[in-house]
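Q: Just so it is clear, I am handing over work_5.cif, which has mmCIF, C-alpha atoms.
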data_target
loop_
_atom_site.group_PDB
_atom_site.id
_atom_site.type_symbol
_atom_site.label_atom_id
_atom_site.label_comp_id
_atom_site.auth_asym_id
_atom_site.auth_seq_id
_atom_site.Cartn_x
_atom_site.Cartn_y
_atom_site.Cartn_z
ATOM 1 C CA MET A 186 -47.665 61.494 -35.192
ATOM 2 C CA SER A 187 -47.779 58.004 -33.728
ATOM 3 C CA ARG A 188 -47.101 55.120 -36.114
ATOM 4 C CA ILE A 189 -48.388 52.549 -33.643
ATOM 5 C CA LEU A 190 -51.289 50.241 -34.397
ATOM 6 C CA THR A 191 -52.367 47.724 -31.761
ATOM 7 C CA LEU A 192 -54.282 44.502 -32.246
ATOM 8 C CA THR A 193 -56.632 42.816 -29.783
ATOM 9 C CA THR A 194 -58.475 39.715 -30.995
ATOM 10 C CA ASP A 195 -59.895 36.347 -30.031
ATOM 11 C CA PHE A 196 -58.065 34.666 -32.930
ATOM 12 C CA GLY A 197 -55.491 32.772 -30.865
ATOM 13 C CA ILE A 198 -51.938 32.196 -32.024
ATOM 14 C CA SER A 199 -52.084 28.708 -33.533
ATOM 15 C CA ASP A 200 -53.570 29.816 -36.860
ATOM 16 C CA GLY A 201 -52.558 32.437 -39.397
ATOM 17 C CA TYR A 202 -55.381 34.925 -38.813
ATOM 18 C CA VAL A 203 -53.299 37.453 -36.907
ATOM 19 C CA GLY A 204 -50.494 37.195 -39.432
ATOM 20 C CA ALA A 205 -52.933 37.940 -42.249
ATOM 21 C CA MET A 206 -54.105 41.102 -40.484
ATOM 22 C CA LYS A 207 -50.529 42.241 -39.987
ATOM 23 C CA GLY A 208 -49.759 41.630 -43.642
ATOM 24 C CA VAL A 209 -52.674 43.814 -44.681
ATOM 25 C CA VAL A 210 -51.608 46.601 -42.319
ATOM 26 C CA LEU A 211 -47.999 46.555 -43.530
ATOM 27 C CA THR A 212 -49.038 46.502 -47.181
ATOM 28 C CA CYS A 213 -50.966 49.713 -46.638
ATOM 29 C CA ALA A 214 -48.640 51.310 -44.056
ATOM 30 C CA PRO A 215 -45.157 49.750 -44.371
ATOM 31 C CA ASP A 216 -43.687 51.820 -41.537
ATOM 32 C CA ALA A 217 -46.411 50.903 -39.054
ATOM 33 C CA GLN A 218 -45.340 49.635 -35.651
ATOM 34 C CA ILE A 219 -47.734 46.804 -34.852
ATOM 35 C CA VAL A 220 -48.154 45.877 -31.199
ATOM 36 C CA ASP A 221 -50.106 42.833 -30.033
ATOM 37 C CA ILE A 222 -52.156 43.518 -26.918
ATOM 38 C CA THR A 223 -53.517 39.975 -26.851
ATOM 39 C CA HIS A 224 -54.975 37.388 -29.179
ATOM 40 C CA GLN A 225 -56.016 35.094 -26.351
ATOM 41 C CA VAL A 226 -59.410 36.656 -25.638
ATOM 42 C CA PRO A 227 -61.840 33.733 -25.148
ATOM 43 C CA PRO A 228 -63.716 33.152 -28.408
ATOM 44 C CA GLN A 229 -66.647 35.535 -28.957
ATOM 45 C CA ASP A 230 -66.171 37.043 -25.476
ATOM 46 C CA ILE A 231 -66.843 40.727 -26.019
ATOM 47 C CA ALA A 232 -66.551 41.641 -22.336
ATOM 48 C CA ALA A 233 -63.133 39.995 -22.029
ATOM 49 C CA GLY A 234 -61.920 41.793 -25.134
ATOM 50 C CA ALA A 235 -63.184 45.100 -23.797
ATOM 51 C CA PHE A 236 -61.397 44.498 -20.506
ATOM 52 C CA ALA A 237 -58.099 43.691 -22.221
ATOM 53 C CA MET A 238 -58.239 46.942 -24.191
ATOM 54 C CA TYR A 239 -59.387 48.902 -21.127
ATOM 55 C CA CYS A 240 -56.320 47.752 -19.190
ATOM 56 C CA VAL A 241 -53.716 48.374 -21.873
ATOM 57 C CA CYS A 242 -54.697 50.978 -24.476
ATOM 58 C CA PRO A 243 -54.282 54.062 -22.229
ATOM 59 C CA PHE A 244 -50.554 53.389 -21.889
ATOM 60 C CA PHE A 245 -49.816 53.939 -25.575
ATOM 61 C CA PRO A 246 -48.662 57.219 -27.139
ATOM 62 C CA GLU A 247 -51.320 59.706 -28.138
ATOM 63 C CA GLY A 248 -52.501 59.123 -31.686
ATOM 64 C CA SER A 249 -52.149 55.354 -31.593
ATOM 65 C CA VAL A 250 -54.733 53.348 -33.535
ATOM 66 C CA HIS A 251 -56.311 50.482 -31.588
ATOM 67 C CA VAL A 252 -57.921 47.737 -33.672
ATOM 68 C CA GLY A 253 -60.154 45.371 -31.698
ATOM 69 C CA VAL A 254 -61.752 42.304 -33.246
ATOM 70 C CA VAL A 255 -63.986 40.199 -31.033
ATOM 71 C CA ASP A 256 -66.835 39.828 -33.435
ATOM 72 C CA PRO A 257 -69.414 37.053 -33.023
ATOM 73 C CA GLY A 258 -71.725 39.002 -35.351
ATOM 74 C CA VAL A 259 -69.297 39.107 -38.277
ATOM 75 C CA GLY A 260 -71.142 39.018 -41.608
ATOM 76 C CA SER A 261 -74.428 40.163 -40.086
ATOM 77 C CA ASP A 262 -75.928 43.646 -40.263
ATOM 78 C CA ARG A 263 -73.824 44.870 -37.314
ATOM 79 C CA ARG A 264 -71.813 47.942 -38.236
ATOM 80 C CA GLY A 265 -68.099 48.432 -38.283
ATOM 81 C CA ILE A 266 -67.104 51.680 -36.607
ATOM 82 C CA VAL A 267 -64.250 54.066 -35.958
ATOM 83 C CA VAL A 268 -64.210 55.859 -32.608
ATOM 84 C CA GLU A 269 -62.050 58.970 -32.455
ATOM 85 C CA THR A 270 -61.261 60.280 -28.980
ATOM 86 C CA GLU A 271 -58.996 63.074 -27.800
ATOM 87 C CA GLN A 272 -56.156 60.577 -27.441
ATOM 88 C CA PHE A 273 -56.699 57.589 -29.723
ATOM 89 C CA VAL A 274 -58.589 56.047 -32.604
ATOM 90 C CA TYR A 275 -60.416 52.735 -32.171
ATOM 91 C CA VAL A 276 -61.488 50.471 -35.032
ATOM 92 C CA GLY A 277 -63.736 47.438 -34.796
ATOM 93 C CA PRO A 278 -67.277 46.079 -34.669
ATOM 94 C CA ASP A 279 -70.146 48.049 -33.166
ATOM 95 C CA ASN A 280 -71.093 45.403 -30.620
ATOM 96 C CA GLY A 281 -70.200 46.963 -27.263
ATOM 97 C CA LEU A 282 -66.480 46.217 -27.469
ATOM 98 C CA PHE A 283 -65.687 49.904 -27.030
ATOM 99 C CA SER A 284 -68.205 50.573 -24.246
ATOM 100 C CA PRO A 285 -65.472 51.438 -21.690
ATOM 101 C CA VAL A 286 -64.018 53.968 -24.139
ATOM 102 C CA TYR A 287 -67.269 55.924 -24.185
ATOM 103 C CA GLU A 288 -67.198 56.177 -20.394
ATOM 104 C CA ARG A 289 -63.512 56.933 -19.831
ATOM 105 C CA GLU A 290 -62.449 59.065 -22.786
ATOM 106 C CA ILE A 291 -63.705 62.221 -24.444
ATOM 107 C CA VAL A 292 -65.190 61.061 -27.747
ATOM 108 C CA ARG A 293 -64.869 63.464 -30.662
ATOM 109 C CA ARG A 294 -66.819 61.428 -33.187
ATOM 110 C CA ILE A 295 -67.946 57.941 -34.104
ATOM 111 C CA VAL A 296 -68.341 56.993 -37.747
ATOM 112 C CA ALA A 297 -69.651 53.932 -39.530
ATOM 113 C CA ILE A 298 -67.193 52.159 -41.825
ATOM 114 C CA GLU A 299 -68.750 52.470 -45.285
ATOM 115 C CA ASN A 300 -66.021 53.602 -47.696
ATOM 116 C CA ALA A 301 -65.300 50.451 -49.696
ATOM 117 C CA ALA A 302 -62.158 52.030 -51.157
ATOM 118 C CA LEU A 303 -60.520 51.662 -47.734
ATOM 119 C CA MET A 304 -61.246 47.930 -47.531
ATOM 120 C CA ARG A 305 -59.700 45.015 -49.358
ATOM 121 C CA PRO A 306 -61.167 44.490 -52.856
ATOM 122 C CA GLN A 307 -62.890 41.299 -51.787
ATOM 123 C CA VAL A 308 -64.438 41.300 -48.324
ATOM 124 C CA SER A 309 -65.005 37.908 -46.741
ATOM 125 C CA SER A 310 -68.220 37.535 -44.757
ATOM 126 C CA THR A 311 -66.257 35.732 -42.020
ATOM 127 C CA PHE A 312 -63.012 37.744 -41.747
ATOM 128 C CA HIS A 313 -63.679 41.457 -41.379
ATOM 129 C CA GLY A 314 -60.585 41.683 -39.175
ATOM 130 C CA ARG A 315 -58.427 41.155 -42.248
ATOM 131 C CA ASP A 316 -60.605 42.714 -44.940
ATOM 132 C CA VAL A 317 -62.186 45.700 -43.176
ATOM 133 C CA PHE A 318 -60.727 46.620 -39.806
ATOM 134 C CA ALA A 319 -57.019 46.062 -40.540
ATOM 135 C CA PRO A 320 -56.949 48.135 -43.761
ATOM 136 C CA VAL A 321 -59.129 50.889 -42.297
ATOM 137 C CA GLY A 322 -56.849 51.056 -39.255
ATOM 138 C CA ALA A 323 -53.808 51.264 -41.522
ATOM 139 C CA HIS A 324 -55.335 54.087 -43.595
ATOM 140 C CA LEU A 325 -56.143 56.010 -40.425
ATOM 141 C CA LEU A 326 -52.557 55.516 -39.288
ATOM 142 C CA ARG A 327 -51.433 57.069 -42.569
ATOM 143 C CA GLY A 328 -53.475 60.149 -41.805
ATOM 144 C CA ILE A 329 -56.865 59.925 -43.497
ATOM 145 C CA SER A 330 -59.675 61.593 -41.581
ATOM 146 C CA CYS A 331 -62.579 59.819 -39.941
ATOM 147 C CA GLU A 332 -64.920 61.715 -42.276
ATOM 148 C CA GLU A 333 -63.397 59.770 -45.178
ATOM 149 C CA VAL A 334 -64.309 56.461 -43.532
ATOM 150 C CA GLY A 335 -68.052 57.011 -43.391
ATOM 151 C CA PRO A 336 -70.932 58.989 -41.919
ATOM 152 C CA GLU A 337 -71.064 60.009 -38.299
ATOM 153 C CA ILE A 338 -73.378 58.037 -36.009
ATOM 154 C CA GLU A 339 -74.905 59.062 -32.696
ATOM 155 C CA PHE A 340 -75.884 55.863 -30.925
ATOM 156 C CA PRO A 341 -73.252 53.115 -30.864
ATOM 157 C CA VAL A 342 -74.041 49.802 -29.227
ATOM 158 C CA THR A 343 -73.154 49.868 -25.537
ATOM 159 C CA CYS A 344 -73.053 47.160 -22.904
ATOM 160 C CA ASP A 345 -72.862 47.346 -19.123
ATOM 161 C CA LEU A 346 -69.875 45.029 -19.017
ATOM 162 C CA TRP A 347 -68.894 45.308 -15.377
ATOM 163 C CA GLY A 348 -70.999 47.963 -13.688
ATOM 164 C CA VAL A 349 -70.811 48.293 -9.927
ATOM 165 C CA GLU A 350 -74.143 48.492 -8.143
ATOM 166 C CA GLU A 351 -74.497 50.597 -5.039
ATOM 167 C CA ARG A 352 -77.200 49.258 -2.755
ATOM 168 C CA ALA A 353 -78.326 50.664 0.565
ATOM 169 C CA ASP A 354 -76.341 48.027 2.448
ATOM 170 C CA ALA A 355 -73.538 47.135 0.050
ATOM 171 C CA LEU A 356 -71.399 47.734 -2.983
ATOM 172 C CA VAL A 357 -71.883 44.835 -5.384
ATOM 173 C CA GLY A 358 -69.594 44.002 -8.265
ATOM 174 C CA ARG A 359 -68.412 40.919 -10.081
ATOM 175 C CA VAL A 360 -65.162 39.238 -10.975
ATOM 176 C CA VAL A 361 -64.511 40.557 -14.479
ATOM 177 C CA CYS A 362 -61.225 38.757 -15.022
ATOM 178 C CA VAL A 363 -59.151 35.966 -13.528
ATOM 179 C CA ASP A 364 -55.615 36.746 -14.621
ATOM 180 C CA HIS A 365 -52.632 34.510 -15.375
ATOM 181 C CA PHE A 366 -51.762 34.351 -11.660
ATOM 182 C CA GLY A 367 -55.279 33.362 -10.596
ATOM 183 C CA ASN A 368 -56.083 36.789 -9.133
ATOM 184 C CA ALA A 369 -59.798 37.644 -9.264
ATOM 185 C CA ILE A 370 -60.192 41.224 -10.486
ATOM 186 C CA SER A 371 -63.295 43.352 -9.984
ATOM 187 C CA MET A 372 -64.139 46.867 -11.096
ATOM 188 C CA ILE A 373 -65.018 48.024 -7.576
ATOM 189 C CA ALA A 374 -62.671 50.981 -7.350
ATOM 190 C CA ARG A 375 -60.865 52.237 -4.277
ATOM 191 C CA SER A 376 -62.852 55.462 -4.721
ATOM 192 C CA HIS A 377 -66.145 53.526 -4.591
ATOM 193 C CA ILE A 378 -65.217 51.976 -1.252
ATOM 194 C CA ASP A 379 -63.755 55.167 0.210
ATOM 195 C CA GLU A 380 -66.902 57.076 -0.672
ATOM 196 C CA LYS A 381 -69.287 54.414 0.618
ATOM 197 C CA TYR A 382 -67.338 53.602 3.788
ATOM 198 C CA PRO A 383 -65.156 56.622 4.674
ATOM 199 C CA ASP A 384 -64.600 55.221 8.176
ATOM 200 C CA GLY A 385 -63.140 51.998 6.781
ATOM 201 C CA ASP A 386 -65.760 49.922 8.588
ATOM 202 C CA PHE A 387 -66.644 47.244 6.034
ATOM 203 C CA GLU A 388 -66.138 43.622 5.128
ATOM 204 C CA ILE A 389 -65.715 41.952 1.774
ATOM 205 C CA VAL A 390 -67.562 38.748 0.911
ATOM 206 C CA VAL A 391 -66.701 36.463 -2.006
ATOM 207 C CA GLY A 392 -68.594 33.195 -1.879
ATOM 208 C CA LYS A 393 -67.904 31.756 1.574
ATOM 209 C CA THR A 394 -64.745 33.810 2.094
ATOM 210 C CA ARG A 395 -64.738 37.073 4.036
ATOM 211 C CA PHE A 396 -62.139 39.773 4.551
ATOM 212 C CA ASP A 397 -62.201 42.587 7.083
ATOM 213 C CA ARG A 398 -59.300 44.568 5.626
ATOM 214 C CA ILE A 399 -57.643 45.454 2.362
ATOM 215 C CA CYS A 400 -53.928 44.773 2.194
ATOM 216 C CA GLN A 401 -51.344 46.900 0.436
ATOM 217 C CA THR A 402 -49.121 44.024 -0.704
ATOM 218 C CA TYR A 403 -49.278 40.254 -1.072
ATOM 219 C CA SER A 404 -46.598 39.849 1.585
ATOM 220 C CA GLU A 405 -48.895 41.084 4.358
ATOM 221 C CA VAL A 406 -50.287 37.566 4.699
ATOM 222 C CA LYS A 407 -48.673 34.159 4.930
ATOM 223 C CA GLU A 408 -47.938 31.998 1.902
ATOM 224 C CA GLY A 409 -51.126 30.272 0.798
ATOM 225 C CA GLU A 410 -53.376 32.733 2.646
ATOM 226 C CA ALA A 411 -56.109 34.651 0.836
ATOM 227 C CA LEU A 412 -56.255 38.436 0.858
ATOM 228 C CA ALA A 413 -58.064 41.390 -0.654
ATOM 229 C CA LEU A 414 -56.074 44.264 -2.113
ATOM 230 C CA TYR A 415 -56.188 47.016 -4.703
ATOM 231 C CA GLY A 416 -54.493 45.892 -7.900
ATOM 232 C CA SER A 417 -52.822 47.784 -10.721
ATOM 233 C CA LEU A 418 -56.152 49.249 -11.876
ATOM 234 C CA ASP A 419 -56.760 50.537 -8.333
ATOM 235 C CA THR A 420 -59.738 48.201 -8.114
ATOM 236 C CA LEU A 421 -60.532 45.456 -5.642
ATOM 237 C CA GLU A 422 -58.879 42.095 -6.244
ATOM 238 C CA ILE A 423 -58.934 38.789 -4.420
ATOM 239 C CA ALA A 424 -55.643 36.917 -4.370
ATOM 240 C CA VAL A 425 -53.689 34.214 -2.578
ATOM 241 C CA CYS A 426 -50.123 34.909 -1.500
ATOM 242 C CA GLU A 427 -47.821 32.889 -3.780
ATOM 243 C CA GLY A 428 -50.867 30.992 -4.983
ATOM 244 C CA SER A 429 -54.028 31.232 -7.037
ATOM 245 C CA ALA A 430 -57.338 32.567 -5.757
ATOM 246 C CA SER A 431 -59.026 30.768 -8.617
ATOM 247 C CA ARG A 432 -57.713 27.363 -7.550
ATOM 248 C CA THR A 433 -57.656 27.879 -3.782
ATOM 249 C CA LEU A 434 -61.004 29.629 -3.342
ATOM 250 C CA GLY A 435 -62.775 28.370 -6.434
ATOM 251 C CA VAL A 436 -63.490 31.955 -7.470
ATOM 252 C CA LYS A 437 -64.248 32.443 -11.144
ATOM 253 C CA ARG A 438 -65.213 35.121 -13.585
ATOM 254 C CA GLY A 439 -68.752 36.366 -12.999
ATOM 255 C CA ASP A 440 -68.759 35.602 -9.281
ATOM 256 C CA GLU A 441 -70.253 38.292 -7.079
ATOM 257 C CA ILE A 442 -68.083 40.405 -4.800
ATOM 258 C CA CYS A 443 -69.900 42.332 -2.075
ATOM 259 C CA VAL A 444 -68.589 45.025 0.244
ATOM 260 C CA TYR A 445 -70.897 45.288 3.271
ATOM 261 C CA ARG A 446 -71.015 47.528 6.288
ATOM 262 C CA ASP A 447 -69.258 45.511 8.997
ATOM 263 C CA GLN A 448 -71.805 45.030 11.736
ATOM 264 C CA GLY A 449 -69.619 42.693 13.727
ATOM 265 C CA ARG A 450 -71.934 39.767 13.147
ATOM 266 C CA ARG A 451 -70.186 37.848 10.416
ATOM 267 C CA GLY A 452 -67.224 35.496 10.687
ATOM 268 C CA ARG A 453 -63.800 36.156 9.380
ATOM 269 C CA SER A 454 -61.755 34.336 6.767
#
Please re-express this file's structure in structure tokens.
A:
Amino acid sequence: MSRILTLTTDFGISDGYVGAMKGVVLTCAPDAQIVDITHQVPPQDIAAGAFAMYCVCPFFPEGSVHVGVVDPGVGSDRRGIVVETEQFVYVGPDNGLFSPVYEREIVRRIVAIENAALMRPQVSSTFHGRDVFAPVGAHLLRGISCEEVGPEIEFPVTCDLWGVEERADALVGRVVCVDHFGNAISMIARSHIDEKYPDGDFEIVVGKTRFDRICQTYSEVKEGEALALYGSLDTLEIAVCEGSASRTLGVKRGDEICVYRDQGRRGRS
């Protein structure tokens, strides 16, 4: 059985919030292996937190417990939940943070966190990460069942965080993340493009920049030149060779990326 518990939060690293969560986990499960996915999610940014977990959680051993806390509704009537899938267990707020999990994994059950015996004796209205989610995650790591956490629920909160729209004349997505290197990442998958344009006759438009091909590597273009390629998620990215697409092209999170049928009428980047 895995002894790994991961943490993904928007708490940052300058304060002691993450340390407090780890202390709670280790008090309950002293042999836990705690792994930080990231604590640099922009504050209250549920979509960014979901993306961070989407990119990383699948690479952990089966049975790992993933605790996610991006929780602008903390202290309100929003539920805390545990999501058990065939591979993992997820713990966090019911605010859409786990929306990608429902689409990608086979969900066995989702339960509301109601068993007060699994929480800290005093639960702060502003720090459920420490007082609810961390101890519940630790108890699950020790082997308690989801049924002991609370009643099963049928309709968790879901959000369309980065859906790709297929129109008659285009695939339309958005930049869901600008990474540390300034690469603009979309969720337009290689399979989307291959299915829509099996003949490879398309062009990609991001703002005023256009591409008529998708490269395999950054080195296919000159230093400082922009390119489109499939990144590590096998989805469409916009990059600049040895540079930053964010700085060079002004591309930012939320910007539209369109893949059109190439009708030979538009210019080239």
Q: Give me, as a PyMOL selection string, all polymer residues having an atom no more than 12 Å from Arg264 (chain A), counting only C-alpha atoms and skipping those fewer than 4 positions away in the same chain.
A: chain A and resi 256+258-260+276-281+295-299+313+317-318+335-336+338+340-342
Q: So how far away is CA of Cys213 (chain A) from CA of Val321 (chain A), in Å?
A: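 Calculated distance between CA of Val321 (chain A) and CA of Cys213 (chain A) is 9.3 Å.
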Q: If the PyMOL selection byres ((chain A and resi 437) around 10) is run on the structure shown, which residues does it catch, given as a list in words?
A: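 On this input, the PyMOL selection byres ((chain A and resi 437) around 10) captures Arg359, Val360, Val361, Cys362, Val363, Gly367, Asn368, Ala369, Ile370, Ala430, Ser431, Arg432, Leu434, Gly435, Val436, Arg438, Gly439, Asp440 and Glu441 of chain A.
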Q: Please produce an output containing C-alpha atoms for each residue in the selection, written as a PDB file, in the coordinates of the input.
A:
ATOM      1  CA  ARG A 359     -68.412  40.919 -10.081  1.00  0.00           C
ATOM      2  CA  VAL A 360     -65.162  39.238 -10.975  1.00  0.00           C
ATOM      3  CA  VAL A 361     -64.511  40.557 -14.479  1.00  0.00           C
ATOM      4  CA  CYS A 362     -61.225  38.757 -15.022  1.00  0.00           C
ATOM      5  CA  VAL A 363     -59.151  35.966 -13.528  1.00  0.00           C
ATOM      6  CA  GLY A 367     -55.279  33.362 -10.596  1.00  0.00           C
ATOM      7  CA  ASN A 368     -56.083  36.789  -9.133  1.00  0.00           C
ATOM      8  CA  ALA A 369     -59.798  37.644  -9.264  1.00  0.00           C
ATOM      9  CA  ILE A 370     -60.192  41.224 -10.486  1.00  0.00           C
ATOM     10  CA  ALA A 430     -57.338  32.567  -5.757  1.00  0.00           C
ATOM     11  CA  SER A 431     -59.026  30.768  -8.617  1.00  0.00           C
ATOM     12  CA  ARG A 432     -57.713  27.363  -7.550  1.00  0.00           C
ATOM     13  CA  LEU A 434     -61.004  29.629  -3.342  1.00  0.00           C
ATOM     14  CA  GLY A 435     -62.775  28.370  -6.434  1.00  0.00           C
ATOM     15  CA  VAL A 436     -63.490  31.955  -7.470  1.00  0.00           C
ATOM     16  CA  ARG A 438     -65.213  35.121 -13.585  1.00  0.00           C
ATOM     17  CA  GLY A 439     -68.752  36.366 -12.999  1.00  0.00           C
ATOM     18  CA  ASP A 440     -68.759  35.602  -9.281  1.00  0.00           C
ATOM     19  CA  GLU A 441     -70.253  38.292  -7.079  1.00  0.00           C
TER      20      GLU A 441
END
Q: In terms of the shortest atom-to-atom distance over all atoms listed in the file, which of A:Val203, A:Val250, A:Ala237, A:Gly348 is closest to Gln218 (chain A)?
A: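 For Gln218 (chain A), the nearest of the given residues is A:Val250.
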Q: Can you tell me, as a list in words, what residues are no more than 10 Å from Arg398 (chain A) when counting all atoms listed in the file, ignoring any on the same chain fewer than 5 positions away?
A: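 Using all atoms listed in the file, the neighbours found are Gly385, Asp386, Phe387, Glu388, Ile389, Leu412, Ala413 and Leu414 of chain A.
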Q: Translate the PyMOL selection byres ((chain A and resi 351) around 12), as applied to the file shown, into an explicit residue set as a PyMOL selection string.
A: chain A and resi 348-350+352-358+373+377-378+380-382+443-445
Q: For region 324-327 of chain A, what centre and edge lengths in Å (one decimal) does the axis-aligned box get once 8 Å is added on each side of all its listed atoms, as JSON?
A:
{"center_x": -53.8, "center_y": 55.6, "center_z": -41.4, "size_x": 20.7, "size_y": 19.0, "size_z": 20.3}
Q: For Arg294 (chain A), find every residue with an atom within 8 Å (counting all atoms listed in the file), except residues of its own chain fewer than 3 positions away, and show them as a JSON list (two decimals) with C-alpha atoms, in the coordinates of the input.
A:
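As a result, result.json now contains:
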[["chain", "number", "residue", "atom", "x", "y", "z"],
["A", 268, "VAL", "CA", -64.21, 55.86, -32.61],
["A", 269, "GLU", "CA", -62.05, 58.97, -32.46],
["A", 270, "THR", "CA", -61.26, 60.28, -28.98],
["A", 337, "GLU", "CA", -71.06, 60.01, -38.30],
["A", 338, "ILE", "CA", -73.38, 58.04, -36.01]]
Q: In terms of the shortest atom-to-atom distance over only C-alpha atoms, which of A:Ala411, A:Ile399, A:Ile219, A:Val334 is closest to Ile266 (chain A)?
A: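 Nearest to Ile266 (chain A): A:Val334.
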Q: What is the CA of Thr420 (chain A)-CA of Arg375 (chain A) distance in Å, reported with one decimal?
A: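 Separation of CA of Thr420 (chain A) and CA of Arg375 (chain A): 5.7 Å.
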Q: Would you list the contacts of Lys393 (chain A) as an mmCIF file with C-alpha atoms, in the coordinates of the input, taking every protein, DNA or RNA residue within 9 Å and counting all atoms listed in the file, but skipping same-chain residues closer than 2 positions in sequence?
A:
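Full text of around_23.cif as output:
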data_model
loop_
_atom_site.group_PDB
_atom_site.id
_atom_site.type_symbol
_atom_site.label_atom_id
_atom_site.label_comp_id
_atom_site.auth_asym_id
_atom_site.auth_seq_id
_atom_site.Cartn_x
_atom_site.Cartn_y
_atom_site.Cartn_z
ATOM 1 C CA VAL A 390 -67.562 38.748 0.911
ATOM 2 C CA VAL A 391 -66.701 36.463 -2.006
ATOM 3 C CA ARG A 395 -64.738 37.073 4.036
ATOM 4 C CA LEU A 434 -61.004 29.629 -3.342
ATOM 5 C CA SER A 454 -61.755 34.336 6.767
#
